[in-house]
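**Q** Got a structure for you, data27.cif, holding mmCIF, C-alpha atoms and all ligand atoms.
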```
data_final
loop_
_atom_site.label_atom_id
_atom_site.label_comp_id
_atom_site.auth_asym_id
_atom_site.auth_seq_id
_atom_site.Cartn_x
_atom_site.Cartn_y
_atom_site.Cartn_z
CA MET F 242 -7.15 -39.31 -230.67
CA PHE F 243 -5.53 -42.21 -228.83
CA HIS F 244 -7.81 -45.24 -228.32
CA GLY F 245 -5.68 -47.68 -226.38
CA ASN F 246 -3.19 -50.47 -226.99
CA VAL F 247 -3.70 -54.04 -228.08
CA LEU F 248 -4.09 -56.39 -225.15
CA SER F 249 -1.71 -59.25 -225.82
CA ALA F 250 -0.02 -62.18 -224.10
CA SER F 251 3.11 -60.16 -223.41
CA ASN F 252 1.38 -57.29 -221.59
CA LEU F 253 -1.35 -59.17 -219.67
CA GLY F 254 0.70 -59.43 -216.48
CA GLN F 255 1.43 -55.72 -216.45
CA ALA F 256 -2.16 -54.83 -217.44
CA ASP F 257 -3.46 -56.85 -214.49
CA LYS F 258 -1.40 -54.68 -212.14
CA CYS F 259 -2.55 -51.39 -213.68
CA PRO F 260 -5.29 -51.68 -216.35
CA ALA F 261 -5.11 -47.92 -216.96
CA MET F 262 -1.73 -48.26 -218.67
CA MET F 263 -3.50 -49.82 -221.66
CA HIS F 264 -5.23 -46.47 -222.28
CA LEU F 265 -2.05 -44.38 -222.44
CA PRO F 266 0.25 -43.95 -225.46
CA TRP F 267 3.40 -46.06 -225.37
CA PRO F 268 6.48 -44.51 -226.93
CA LYS F 269 7.99 -47.02 -229.32
CA PHE F 270 11.69 -47.64 -228.99
CA THR F 271 14.14 -50.43 -229.54
CA ASN F 272 17.53 -50.97 -228.04
CA LYS F 273 20.45 -53.31 -228.54
CA TYR F 274 18.99 -55.90 -226.13
CA MET F 275 15.65 -56.00 -227.92
CA GLU F 276 17.39 -56.35 -231.29
CA GLU F 277 19.53 -59.20 -229.93
CA GLY F 278 16.42 -60.89 -228.56
CA ASN F 279 14.65 -60.56 -231.93
CA LEU F 280 17.63 -62.01 -233.75
CA LYS F 281 17.78 -65.01 -231.41
CA HIS F 282 14.08 -65.63 -231.99
CA ARG F 283 14.53 -65.48 -235.77
CA PHE F 284 17.54 -67.80 -235.49
CA VAL F 285 15.52 -70.45 -233.63
CA GLN F 286 12.57 -69.99 -235.99
CA ASP F 287 14.78 -70.48 -239.07
CA TRP F 288 16.45 -73.50 -237.49
CA ILE F 289 13.04 -75.12 -236.93
CA ASN F 290 11.75 -74.25 -240.40
CA HIS F 291 14.87 -74.65 -242.55
CA GLY F 292 17.51 -76.44 -240.47
CA ARG F 293 20.59 -75.48 -238.46
CA GLU F 294 22.90 -74.73 -241.40
CA TYR F 295 20.42 -72.29 -242.92
CA ALA F 296 19.95 -70.50 -239.57
CA LEU F 297 23.70 -70.20 -239.04
CA GLU F 298 24.32 -68.99 -242.58
CA THR F 299 21.53 -66.41 -242.36
CA HIS F 300 22.14 -64.98 -238.91
CA VAL F 301 25.65 -65.78 -237.78
CA SER F 302 27.92 -66.05 -240.79
CA GLY F 303 30.37 -63.14 -240.86
CA ARG F 304 29.04 -61.62 -237.62
CA GLU F 305 31.43 -62.09 -234.76
CA ASP F 306 29.00 -60.47 -232.30
CA TYR F 307 26.49 -63.29 -232.82
CA SER F 308 28.95 -66.17 -232.85
CA PRO F 309 27.56 -67.59 -229.55
CA LEU F 310 24.57 -68.79 -231.56
CA SER F 311 26.84 -71.28 -233.31
CA VAL F 312 27.03 -73.28 -230.06
CA CYS F 313 23.27 -73.21 -229.51
CA ASN F 314 22.03 -76.64 -228.35
CA LEU F 315 18.55 -76.59 -229.87
CA GLU F 316 19.12 -80.09 -231.26
CA ASP F 317 19.00 -81.40 -227.63
CA LEU F 318 15.35 -80.36 -227.39
CA PHE F 319 12.26 -81.96 -228.98
CA GLY F 320 14.27 -85.15 -229.39
CA GLY F 321 16.10 -83.37 -232.21
CA VAL F 322 13.00 -83.72 -234.43
CA PHE F 323 11.51 -80.46 -235.68
CA ASP F 324 9.15 -81.71 -238.41
CA ASP F 325 6.00 -81.47 -236.30
CA LEU F 326 6.79 -78.05 -234.81
CA ILE F 327 5.21 -74.80 -235.97
CA SER F 328 6.92 -71.52 -235.09
CA GLU F 329 5.69 -67.96 -234.60
CA VAL F 330 1.99 -68.78 -234.58
CA SER F 331 -0.40 -65.96 -233.64
CA PHE F 332 -3.81 -66.37 -232.05
CA SER F 333 -6.76 -64.16 -231.18
CA TRP F 334 -9.01 -65.11 -228.28
CA ASP F 335 -12.47 -63.71 -227.69
CA PRO F 336 -13.14 -63.28 -223.94
CA LYS F 337 -16.92 -63.16 -224.43
CA SER F 338 -17.28 -66.49 -226.27
CA ASP F 339 -14.09 -68.15 -224.93
CA THR F 340 -13.14 -69.10 -228.50
CA ALA F 341 -9.85 -68.61 -230.30
CA GLU F 342 -8.47 -68.83 -233.79
CA GLU F 343 -5.08 -69.01 -235.41
CA ILE F 344 -4.65 -65.73 -237.29
CA GLY F 345 -1.37 -66.42 -239.06
CA GLN F 346 2.33 -67.10 -238.83
CA ASN F 347 5.26 -64.68 -238.77
CA LEU F 348 3.02 -61.63 -238.21
CA ASP F 349 5.79 -59.85 -236.33
CA ARG F 350 3.25 -58.97 -233.58
CA ASP F 351 1.32 -56.87 -236.09
CA TYR F 352 -2.16 -57.83 -234.86
CA PRO F 353 -5.41 -56.85 -236.60
CA ASP F 354 -7.54 -54.02 -235.24
CA GLN F 355 -10.20 -56.04 -233.40
CA PRO F 356 -11.09 -54.31 -230.11
CA GLY F 357 -12.09 -56.62 -227.29
CA GLN F 358 -9.88 -59.50 -228.47
CA ILE F 359 -6.66 -60.63 -226.80
CA PHE F 360 -3.79 -61.60 -229.05
CA GLY F 361 -0.66 -63.66 -228.57
CA THR F 362 2.13 -65.33 -230.50
CA ALA F 363 3.59 -68.69 -229.54
CA ASP F 364 7.25 -69.15 -230.46
CA ILE F 365 6.90 -72.92 -230.88
CA ILE F 366 3.77 -75.11 -231.02
CA ARG F 367 3.38 -78.86 -231.27
CA ALA F 368 -0.07 -80.37 -231.57
CA GLY F 369 -0.75 -83.84 -230.16
CA LYS F 370 -4.00 -85.83 -230.36
CA ASP F 371 -5.83 -84.18 -227.44
CA SER F 372 -3.02 -81.96 -226.23
CA ILE F 373 -1.12 -78.93 -227.33
CA PHE F 374 2.52 -78.16 -226.42
CA VAL F 375 3.66 -74.55 -226.28
CA ASP F 376 7.27 -73.39 -225.88
CA ASP F 377 8.09 -69.75 -225.33
CA LEU F 378 11.67 -68.62 -225.92
CA LYS F 379 13.16 -66.02 -223.59
CA THR F 380 16.46 -64.25 -223.93
CA GLY F 381 18.04 -61.63 -221.67
CA ALA F 382 20.36 -61.53 -218.72
CA ARG F 383 18.33 -63.74 -216.38
CA PRO F 384 15.83 -66.58 -216.71
CA VAL F 385 12.14 -65.73 -216.22
CA SER F 386 9.96 -67.74 -213.86
CA GLN F 387 7.41 -70.15 -215.32
CA TYR F 388 5.30 -69.80 -212.17
CA ASN F 389 2.07 -67.84 -212.71
CA ASN F 390 3.41 -66.61 -216.04
CA TYR F 391 0.49 -64.83 -217.75
CA GLN F 392 2.08 -65.07 -221.18
CA LEU F 393 2.42 -68.86 -221.00
CA GLN F 394 -1.04 -69.23 -219.50
CA PHE F 395 -2.66 -67.17 -222.22
CA LEU F 396 -0.84 -68.98 -225.01
CA ALA F 397 -1.90 -72.32 -223.51
CA LEU F 398 -5.52 -71.21 -223.42
CA ALA F 399 -5.58 -69.63 -226.90
CA ALA F 400 -3.79 -72.54 -228.59
CA ALA F 401 -5.95 -75.15 -226.81
CA ARG F 402 -9.16 -73.36 -227.81
CA ALA F 403 -7.99 -72.76 -231.39
CA TYR F 404 -7.06 -76.42 -231.95
CA GLY F 405 -9.78 -77.95 -229.78
CA ALA F 406 -7.26 -79.51 -227.37
CA LYS F 407 -8.46 -80.64 -223.93
CA GLN F 408 -5.14 -79.99 -222.24
CA ALA F 409 -2.07 -77.90 -222.78
CA TYR F 410 1.58 -78.22 -221.78
CA VAL F 411 3.68 -75.08 -221.56
CA ARG F 412 7.27 -74.26 -220.70
CA LEU F 413 9.87 -71.55 -221.14
CA LEU F 414 13.13 -72.02 -223.02
CA TRP F 415 15.81 -69.62 -221.85
CA MET F 416 18.70 -68.82 -224.16
CA ASP F 417 21.57 -67.25 -222.23
CA GLU F 418 24.23 -65.02 -223.74
CA THR F 419 26.42 -68.00 -224.60
CA GLY F 420 23.63 -69.26 -226.92
CA HIS F 421 22.90 -72.21 -224.62
CA ILE F 422 19.23 -73.05 -224.02
CA THR F 423 18.04 -74.35 -220.66
CA THR F 424 14.51 -75.28 -219.78
CA HIS F 425 12.21 -76.66 -217.09
CA ASP F 426 9.72 -79.49 -217.43
CA TYR F 427 6.41 -78.74 -219.10
CA ILE F 428 3.62 -77.43 -216.87
CA GLY F 429 0.40 -79.34 -217.63
CA LEU F 430 -2.97 -77.57 -217.65
CA ASP F 431 -6.12 -79.73 -217.77
CA ALA F 432 -9.59 -78.76 -219.02
CA TYR F 433 -10.64 -77.40 -215.61
CA GLU F 434 -7.51 -75.27 -215.28
CA LEU F 435 -7.96 -73.93 -218.82
CA ASP F 436 -11.54 -72.92 -217.92
CA GLN F 437 -10.21 -71.10 -214.86
CA LEU F 438 -7.72 -69.25 -217.04
CA ALA F 439 -10.53 -68.26 -219.41
CA ASP F 440 -12.42 -66.74 -216.44
CA LYS F 441 -9.31 -64.93 -215.26
CA PHE F 442 -8.52 -63.38 -218.65
CA LYS F 443 -12.16 -62.47 -219.27
CA ALA F 444 -12.20 -60.55 -215.96
CA LEU F 445 -8.89 -58.92 -216.86
CA ALA F 446 -10.22 -57.80 -220.26
CA GLU F 447 -13.24 -56.24 -218.49
CA ASP F 448 -10.97 -54.47 -215.99
CA VAL F 449 -8.95 -53.05 -218.87
CA ALA F 450 -12.07 -51.89 -220.71
CA ASP F 451 -13.30 -50.08 -217.55
CA GLY F 452 -9.91 -49.03 -216.23
CA ALA F 453 -9.09 -45.75 -217.99
CA GLY F 454 -7.74 -43.18 -215.54
CA ASP F 455 -7.58 -45.61 -212.63
CA TYR F 456 -3.82 -45.63 -212.12
CA ILE F 457 -2.40 -48.23 -209.77
CA PHE F 458 1.00 -47.29 -208.60
CA GLY F 459 3.70 -49.75 -207.49
CA GLU F 460 7.01 -51.43 -208.25
CA HIS F 461 5.61 -52.59 -211.59
CA CYS F 462 5.71 -48.93 -212.74
CA ALA F 463 9.44 -49.36 -213.44
CA ARG F 464 8.56 -51.74 -216.30
CA CYS F 465 5.51 -49.86 -217.55
CA PRO F 466 5.57 -49.09 -221.29
CA ALA F 467 3.42 -46.00 -220.64
CA PHE F 468 5.71 -44.68 -217.92
CA THR F 469 6.63 -41.39 -219.60
CA ALA F 470 2.98 -40.63 -220.44
CA CYS F 471 1.55 -41.52 -217.04
CA PRO F 472 -0.12 -38.54 -215.28
CA LYS F 473 0.55 -40.13 -211.92
CA GLN F 474 4.29 -40.13 -212.61
CA VAL F 475 4.20 -36.59 -213.99
CA ARG F 476 2.60 -35.35 -210.75
CA LEU F 477 5.30 -37.02 -208.70
CA PRO F 478 7.86 -34.16 -208.58
CA LYS F 479 5.13 -31.88 -207.16
CA ALA F 480 4.32 -34.40 -204.46
CA LEU F 481 8.02 -34.76 -203.73
CA ALA F 482 8.47 -31.01 -203.34
CA LYS F 483 5.78 -31.01 -200.65
CA ILE F 484 7.78 -33.35 -198.41
CA SER F 485 9.60 -31.30 -195.83
CA GLY F 486 11.28 -32.56 -192.68
CA ASP F 487 9.23 -30.53 -190.22
CA LYS F 488 5.96 -31.95 -191.61
CA ILE F 489 6.92 -35.61 -191.34
CA THR F 490 5.04 -37.37 -188.58
CA PRO F 491 4.32 -41.08 -188.00
CA ARG F 492 1.01 -40.49 -189.81
CA THR F 493 2.49 -38.78 -192.92
CA LEU F 494 5.66 -40.88 -193.14
CA PRO F 495 4.23 -43.91 -195.03
CA LYS F 496 2.91 -41.67 -197.84
CA ALA F 497 6.15 -39.66 -197.92
CA TYR F 498 8.16 -42.87 -198.15
CA SER F 499 6.07 -44.24 -201.01
CA THR F 500 6.47 -40.90 -202.85
CA TYR F 501 10.24 -41.07 -202.28
CA MET F 502 10.43 -44.65 -203.62
CA ALA F 503 8.33 -43.71 -206.64
CA ALA F 504 10.63 -40.76 -207.32
CA LYS F 505 13.67 -43.07 -207.22
CA ASN F 506 11.91 -45.27 -209.77
CA ILE F 507 11.16 -42.40 -212.12
CA VAL F 508 14.75 -41.17 -212.03
CA LYS F 509 16.08 -44.66 -212.74
CA THR F 510 13.66 -45.22 -215.60
CA MET F 511 14.34 -41.79 -217.13
CA GLY F 512 18.07 -42.59 -217.00
CA GLU F 513 17.44 -45.82 -218.93
CA VAL F 514 15.26 -44.02 -221.49
CA LEU F 515 17.97 -41.37 -222.03
CA ALA F 516 20.78 -43.95 -222.19
CA THR F 517 18.87 -45.90 -224.85
CA ALA F 518 18.31 -42.71 -226.87
CA VAL F 519 21.99 -41.71 -226.68
CA GLU F 520 23.04 -45.27 -227.54
CA GLN F 521 21.01 -45.03 -230.75
CA MET F 522 21.96 -41.42 -231.63
CA GLY F 523 25.61 -41.47 -230.60
CA PRO F 524 27.26 -38.68 -228.49
CA VAL F 525 25.09 -35.57 -228.19
CA ASP F 526 26.73 -32.14 -227.95
CA LEU F 527 25.20 -30.31 -224.96
CA GLY F 528 26.42 -26.95 -226.27
CA ASP F 529 28.41 -26.05 -223.16
CA GLY F 530 31.71 -27.64 -224.10
CA THR F 531 30.55 -31.09 -223.01
CA SER F 532 28.82 -33.99 -224.68
CA LEU F 533 26.52 -36.67 -223.36
CA GLU F 534 27.76 -40.15 -224.16
CA CYS F 535 26.73 -43.69 -223.49
CA THR F 536 29.38 -45.93 -222.00
CA PRO F 537 29.05 -49.70 -221.82
CA GLY F 538 28.55 -51.06 -218.34
CA SER F 539 30.05 -54.19 -216.83
CA ARG F 540 29.81 -56.11 -213.63
CA LYS F 541 31.93 -58.85 -212.07
CA GLU F 542 29.93 -61.99 -211.32
CA LEU F 543 30.88 -65.30 -209.81
CA SER F 544 30.85 -68.26 -212.11
CA ALA F 545 29.03 -70.99 -210.15
CA LYS F 546 31.15 -74.11 -210.87
CA PRO F 547 34.69 -72.89 -209.98
CA ALA F 548 33.24 -70.87 -207.10
CA LEU F 549 31.53 -73.93 -205.59
CA ASP F 550 34.74 -75.97 -205.86
CA THR F 551 36.63 -73.29 -203.90
CA LEU F 552 33.86 -72.96 -201.32
CA CYS F 553 33.85 -76.72 -200.73
CA LYS F 554 37.55 -76.46 -199.94
CA PHE F 555 37.03 -73.72 -197.33
CA LEU F 556 33.58 -74.46 -195.88
CA GLY F 557 32.63 -78.01 -196.81
CA PRO F 558 30.33 -79.35 -199.51
CA THR F 559 27.01 -78.13 -198.07
CA ALA F 560 28.01 -74.53 -197.35
CA ILE F 561 25.81 -73.16 -200.15
CA PRO F 562 22.57 -75.17 -200.35
CA ASP F 563 21.33 -76.39 -203.75
CA GLY F 564 19.22 -73.82 -205.55
CA VAL F 565 20.88 -70.83 -203.84
CA SER F 566 22.81 -68.71 -206.31
CA VAL F 567 26.52 -68.26 -205.62
CA SER F 568 27.23 -64.60 -205.01
CA LYS F 569 29.34 -62.48 -202.71
CA ALA F 570 26.28 -62.07 -200.45
CA SER F 571 25.54 -65.82 -200.25
CA ILE F 572 29.21 -66.54 -199.48
CA ARG F 573 29.21 -63.93 -196.75
CA ARG F 574 26.07 -65.52 -195.25
CA ALA F 575 27.67 -68.99 -195.44
CA VAL F 576 30.85 -67.73 -193.72
CA ASP F 577 28.79 -66.01 -190.99
CA LEU F 578 26.89 -69.23 -190.43
CA HIS F 579 29.77 -71.71 -190.46
CA CYS F 580 32.71 -69.78 -189.08
CA PRO F 581 32.23 -66.00 -188.71
CA SER F 582 35.52 -64.33 -189.64
CA PRO F 583 36.22 -61.31 -191.87
CA GLN F 584 39.66 -62.82 -192.63
CA LEU F 585 38.12 -66.09 -193.83
CA PHE F 586 35.77 -64.16 -196.12
CA LYS F 587 38.74 -62.21 -197.52
CA ASP F 588 40.78 -65.41 -198.02
CA ILE F 589 37.90 -66.99 -199.93
CA MET F 590 37.53 -63.91 -202.14
CA ASP F 591 41.30 -63.88 -202.84
CA GLU F 592 41.24 -67.56 -203.74
CA LEU F 593 38.23 -67.09 -206.02
CA GLU F 594 40.05 -64.25 -207.77
CA LYS F 595 43.16 -66.43 -208.15
CA GLU F 596 41.11 -69.32 -209.54
CA GLY F 597 39.49 -67.04 -212.13
CA ALA F 598 36.01 -67.65 -210.69
CA PHE F 599 34.93 -64.08 -211.45
CA VAL F 600 33.61 -63.33 -214.92
CA VAL F 601 32.91 -59.88 -216.31
CA LYS F 602 29.33 -59.54 -217.58
CA GLU F 603 28.05 -56.78 -219.80
CA THR F 604 25.33 -54.65 -218.18
CA ARG F 605 23.13 -51.85 -219.47
CA PRO F 606 25.09 -48.80 -220.64
CA SER F 607 25.12 -45.66 -218.53
CA LEU F 608 25.32 -41.95 -219.34
CA LYS F 609 28.56 -39.99 -218.95
CA ILE F 610 29.35 -36.34 -219.53
CA LYS F 611 32.60 -35.81 -221.45
CA LYS F 612 34.48 -32.68 -222.38
CA VAL F 613 34.34 -31.91 -226.08
CA LYS F 614 37.89 -31.80 -227.42
CA ASP F 615 38.98 -28.66 -229.31
CA ASP F 616 40.20 -29.39 -232.83
S1 LIG F 701 3.46 -45.82 -214.57
FE1 LIG F 701 2.45 -47.09 -213.02
S2 LIG F 701 0.59 -45.98 -212.46
FE2 LIG F 701 1.31 -45.13 -214.41
S3 LIG F 701 0.23 -46.26 -215.98
FE3 LIG F 701 2.17 -47.29 -215.68
S4 LIG F 701 1.76 -48.89 -214.17
FE4 LIG F 701 0.03 -47.43 -214.09
#
```
Could the structure of this file be written out as structure tokens, please?
Ligand code: SF4

**A**
Amino acid sequence: MFHGNVLSASNLGQADKCPAMMHLPWPKFTNKYMEEGNLKHRFVQDWINHGREYALETHVSGREDYSPLSVCNLEDLFGGVFDDLISEVSFSWDPKSDTAEEIGQNLDRDYPDQPGQIFGTADIIRAGKDSIFVDDLKTGARPVSQYNNYQLQFLALAAARAYGAKQAYVRLLWMDETGHITTHDYIGLDAYELDQLADKFKALAEDVADGAGDYIFGEHCARCPAFTACPKQVRLPKALAKISGDKITPRTLPKAYSTYMAAKNIVKTMGEVLATAVEQMGPVDLGDGTSLECTPGSRKELSAKPALDTLCKFLGPTAIPDGVSVSKASIRRAVDLHCPSPQLFKDIMDELEKEGAFVVKETRPSLKIKKVKDD
């Protein structure tokens, strides 16, 4: 019988949105992106523990696909001194007593069976006299926000309690696909703020303990690890079938719309689940003269620096305010604001193309049906 999943730093945010998901089975799967993320974590860990040359030799040497790691700028962080850093440290925190302990290093998220505890692993820890510094490494296509980040907050709390520190400093390091790491300043949490976090996570642990069967539906469902086992999602096609045009009234429309949006979500997520499976298995013969294959996806994106130079030429230096990402949509908005003209927008796009401001980025693979060739 299934008894629930381990509540840990990485699933606290999702569990807060729908505690019931912790009581459903989660199918285990890995994909190329998760493997890449794991490798980048091991690379940084080995660099900290054994030095850059060792990390390069172990993870990059002879592997063209991971060559971006050779330009990784980790030496620019921590003042280039790694002696006082500890990597991959796991903690358990007891919500009832608000106490924590370090339970080991390099556990590979294999936490002990201790119901009621919350676990977490800090990628990098540095202990000061009264303070603790926690760095969490993120990989992936886009940076993650540090704001109200449950994972960082929990790691700050657990590490501070485990080492008896009065304050904690946390930040995210984001390694992009070129191997370059960018980061924000540390967020400081004092003793009062750590106490508030302890209250928050204690309440969350209680909600999870009491939350079986209480499914809370929303946009977060698209990232739910229990998605394919969720009874609420399974009932969705039935609810969808009940929507018919002649029954839609102003009163029934909001519910019909939320059912429609949920159905879109389920279809998208199922597509990703299938694409991941086909990516791992290779082409699958469907038995009707066709096969299901996974084809790599790509998308054209604007590279910020050359794009901004071109935009300055056409619209002036303040056309795209600082902090706004440069995209086709933001350029269109800037053109509409400064000098509305479809021709101007087209001219800018042509110039950007000529200047090589567009870069092709790899995206998640998609499914394609192909005819099976006769031998
Ligand atoms: S799919 Fe949504 S409603 Fe179902 S368990 Fe996950 S988060 Fe909760």

**Q** Using only C-alpha atoms and all ligand atoms, find each protein or nucleic acid residue lying at most 7 Å from ligand LIG 701 (chain F); present the set as a ChimeraX atom specification.

**A** /F:258-259,261-262,456-459,461-462,465-468,471-474

**Q** So, with all atoms listed in the file as the atoms that count, which of F:Ala250, F:Val519, F:Ile327, F:Ala256 lies closest to Phe395 in chain F?

**A**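 With all atoms listed in the file as the atom set, the closest residue is F:Ala250.
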
**Q** Find the spatial neighbours of range 329-345 of chain F, counting all atoms listed in the file, within a cut-off of 6 Å - ignore same-chain residues fewer than 3 positions away - and output them as a ChimeraX atom specification.

**A** /F:358-364,399,402-403,443

**Q** May I ask which of the residues F:Ala575, F:Ile422, F:Leu527, F:Leu280 is the closest one to Pro384 in chain F, counting all atoms listed in the file?

**A** F:Ile422

**Q** Under the rule that all atoms listed in the file are counted, which of F:Thr551, F:Gln286, F:Thr299, F:Asn279 is the nearest residue to Gly381 in chain F?

**A**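 Among F:Thr551, F:Gln286, F:Thr299, F:Asn279, it is F:Asn279 that comes nearest to Gly381 in chain F.
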
**Q** Which one of F:Val285, F:Val375, F:Leu310, F:Ala463 sits closest to Ala401 in chain F if you count only C-alpha atoms?

**A**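 The shortest atom-to-atom distance to Ala401 in chain F comes from F:Val375.
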
**Q** In Å, how far is it from CA of Val322 in chain F to CA of Phe374 in chain F?

**A**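 Separating CA of Val322 in chain F from CA of Phe374 in chain F is a distance of 14.3 Å.
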
**Q** What lies within 10 Å of Ser386 in chain F using all atoms listed in the file, ignoring chain neighbours under 2 positions off, as an mmCIF file with C-alpha atoms, keeping the file's coordinate frame?

**A**
```cif
data_model
loop_
_atom_site.group_PDB
_atom_site.id
_atom_site.type_symbol
_atom_site.label_atom_id
_atom_site.label_comp_id
_atom_site.auth_asym_id
_atom_site.auth_seq_id
_atom_site.Cartn_x
_atom_site.Cartn_y
_atom_site.Cartn_z
ATOM 1 C CA ARG F 383 18.330 -63.740 -216.380
ATOM 2 C CA PRO F 384 15.830 -66.580 -216.710
ATOM 3 C CA TYR F 388 5.300 -69.800 -212.170
ATOM 4 C CA ASN F 389 2.070 -67.840 -212.710
ATOM 5 C CA ASN F 390 3.410 -66.610 -216.040
ATOM 6 C CA ARG F 412 7.270 -74.260 -220.700
ATOM 7 C CA LEU F 413 9.870 -71.550 -221.140
ATOM 8 C CA HIS F 425 12.210 -76.660 -217.090
#
```

**Q** CA of Gln408 in chain F and CA of Ala432 in chain F, how far apart in Å?

**A**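 Those two atoms sit 5.6 Å apart.
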
**Q** Hey, what's within 9 Å of Ile289 in chain F if we count all atoms listed in the file and toss same-chain stuff fewer than 4 positions away? As a list in words, please?

**A** Phe284, Val285, Arg293, Ala296, Val322, Phe323, Asp324, Leu326, Ile327, Ser328 and Ile365 of chain F

**Q** Can you pull out the residues contacting Glu594 in chain F? Cut-off 12 Å, using only C-alpha atoms, and skip same-chain residues under 6 positions away; I want them as a ChimeraX atom specification.

**A** /F:541-544,547-548,551,569,587-588,600-601

**Q** In Å to one decimal, how far is CA of Ile366 in chain F from CA of His421 in chain F?

**A**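 The value is 20.4 Å.
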
**Q** Set the distance at 7 Å and use all atoms listed in the file: which residues neighbour Ser532 in chain F once local chain neighbours fewer than 5 positions away are removed? I'd like the list as a list in words.

**A**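 Everything that qualifies: Pro524, Val525, Asp526, Leu527, Ile610, Lys611, Lys612 and Val613 of chain F.
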
**Q** What does the file look like for those residues with C-alpha atoms, as a compact mmCIF listing (two decimals), in the coordinates of the input?

**A**
```
# COMPACT_ATOMS: atom_id res chain seq x y z
CA PRO F 524 27.26 -38.68 -228.49
CA VAL F 525 25.09 -35.57 -228.19
CA ASP F 526 26.73 -32.14 -227.95
CA LEU F 527 25.20 -30.31 -224.96
CA ILE F 610 29.35 -36.34 -219.53
CA LYS F 611 32.60 -35.81 -221.45
CA LYS F 612 34.48 -32.68 -222.38
CA VAL F 613 34.34 -31.91 -226.08
```

**Q** Would you please work out which residue, of F:Ser251, F:Asn246, F:Thr493, F:Thr517, is nearest to Leu393 in chain F when using all atoms listed in the file?

**A** F:Ser251

**Q** Between F:Val247, F:Lys554, F:Ala516, F:Leu253, which residue has the minimum interatomic distance to Lys441 in chain F, considering all atoms listed in the file?

**A**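 Selected residue with least distance to Lys441 in chain F: F:Leu253.
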
**Q** Step by step, gather every atom of range 354-359 of chain F that the file lists, find the box along x, y and z that holds them, add 4 Å on each side, and finally give centre and edge lengths in Å to one decimal, as lines of an AutoDock Vina configuration file.

**A**
```
center_x = -9.4
center_y = -57.3
center_z = -231.0
size_x = 13.4
size_y = 14.6
size_z = 16.4
```

**Q** Place a sphere of radius 9 Å on (21.7, -47.2, -226.3) in the file coordinates and name every protein, DNA or RNA residue with an atom inside or on its surface, counting only C-alpha atoms; give the answer as a ChimeraX atom specification.

**A** /F:271-273,513-523,535-537,605-607

**Q** Would you give me, as a tab-separated table, each residue of range 394-424 of chain F having an atom within 12 Å of an atom of range 274-278 of chain F, along with its shortest atom pair and that distance in Å to one decimal, using all atoms listed in the file and sorting by chain and residue number?

**A**
```
residue	atom	partner	partner_atom	distance
F:Trp415	CA	F:Gly278	CA	11.0
F:Met416	CA	F:Gly278	CA	9.4
F:Asp417	CA	F:Gly278	CA	10.3
F:Glu418	CA	F:Glu277	CA	9.7
F:Gly420	CA	F:Gly278	CA	11.2
```

**Q** Please fill the gaps in range 361-371 of chain F so it has N, CA and C atoms, and write that as a PDB file, keeping the file's coordinate frame.

**A**
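What ended up in selection-v7.pdb:
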```pdb
ATOM      1  N   GLY F 361      -1.915 -63.104-229.082  1.00  0.00           N
ATOM      2  CA  GLY F 361      -0.660 -63.660-228.570  1.00  0.00           C
ATOM      3  C   GLY F 361       0.035 -64.467-229.635  1.00  0.00           C
ATOM      4  N   THR F 362       1.348 -64.558-229.534  1.00  0.00           N
ATOM      5  CA  THR F 362       2.130 -65.330-230.500  1.00  0.00           C
ATOM      6  C   THR F 362       2.973 -66.353-229.765  1.00  0.00           C
ATOM      7  N   ALA F 363       2.805 -67.601-230.149  1.00  0.00           N
ATOM      8  CA  ALA F 363       3.590 -68.690-229.540  1.00  0.00           C
ATOM      9  C   ALA F 363       4.856 -68.892-230.369  1.00  0.00           C
ATOM     10  N   ASP F 364       5.996 -68.952-229.707  1.00  0.00           N
ATOM     11  CA  ASP F 364       7.250 -69.150-230.460  1.00  0.00           C
ATOM     12  C   ASP F 364       7.269 -70.533-231.107  1.00  0.00           C
ATOM     13  N   ILE F 365       6.867 -71.557-230.342  1.00  0.00           N
ATOM     14  CA  ILE F 365       6.900 -72.920-230.880  1.00  0.00           C
ATOM     15  C   ILE F 365       5.655 -73.679-230.406  1.00  0.00           C
ATOM     16  N   ILE F 366       4.991 -74.341-231.335  1.00  0.00           N
ATOM     17  CA  ILE F 366       3.770 -75.110-231.020  1.00  0.00           C
ATOM     18  C   ILE F 366       3.918 -76.524-231.556  1.00  0.00           C
ATOM     19  N   ARG F 367       3.436 -77.482-230.778  1.00  0.00           N
ATOM     20  CA  ARG F 367       3.380 -78.860-231.270  1.00  0.00           C
ATOM     21  C   ARG F 367       2.016 -79.412-230.874  1.00  0.00           C
ATOM     22  N   ALA F 368       1.283 -79.896-231.859  1.00  0.00           N
ATOM     23  CA  ALA F 368      -0.070 -80.370-231.570  1.00  0.00           C
ATOM     24  C   ALA F 368      -0.072 -81.888-231.454  1.00  0.00           C
ATOM     25  N   GLY F 369      -0.574 -82.398-230.323  1.00  0.00           N
ATOM     26  CA  GLY F 369      -0.750 -83.840-230.160  1.00  0.00           C
ATOM     27  C   GLY F 369      -2.211 -84.188-230.418  1.00  0.00           C
ATOM     28  N   LYS F 370      -2.629 -85.414-230.047  1.00  0.00           N
ATOM     29  CA  LYS F 370      -4.000 -85.830-230.360  1.00  0.00           C
ATOM     30  C   LYS F 370      -5.030 -84.985-229.585  1.00  0.00           C
ATOM     31  N   ASP F 371      -4.911 -84.986-228.252  1.00  0.00           N
ATOM     32  CA  ASP F 371      -5.830 -84.180-227.440  1.00  0.00           C
ATOM     33  C   ASP F 371      -5.117 -83.050-226.724  1.00  0.00           C
TER      34      ASP F 371
END
```
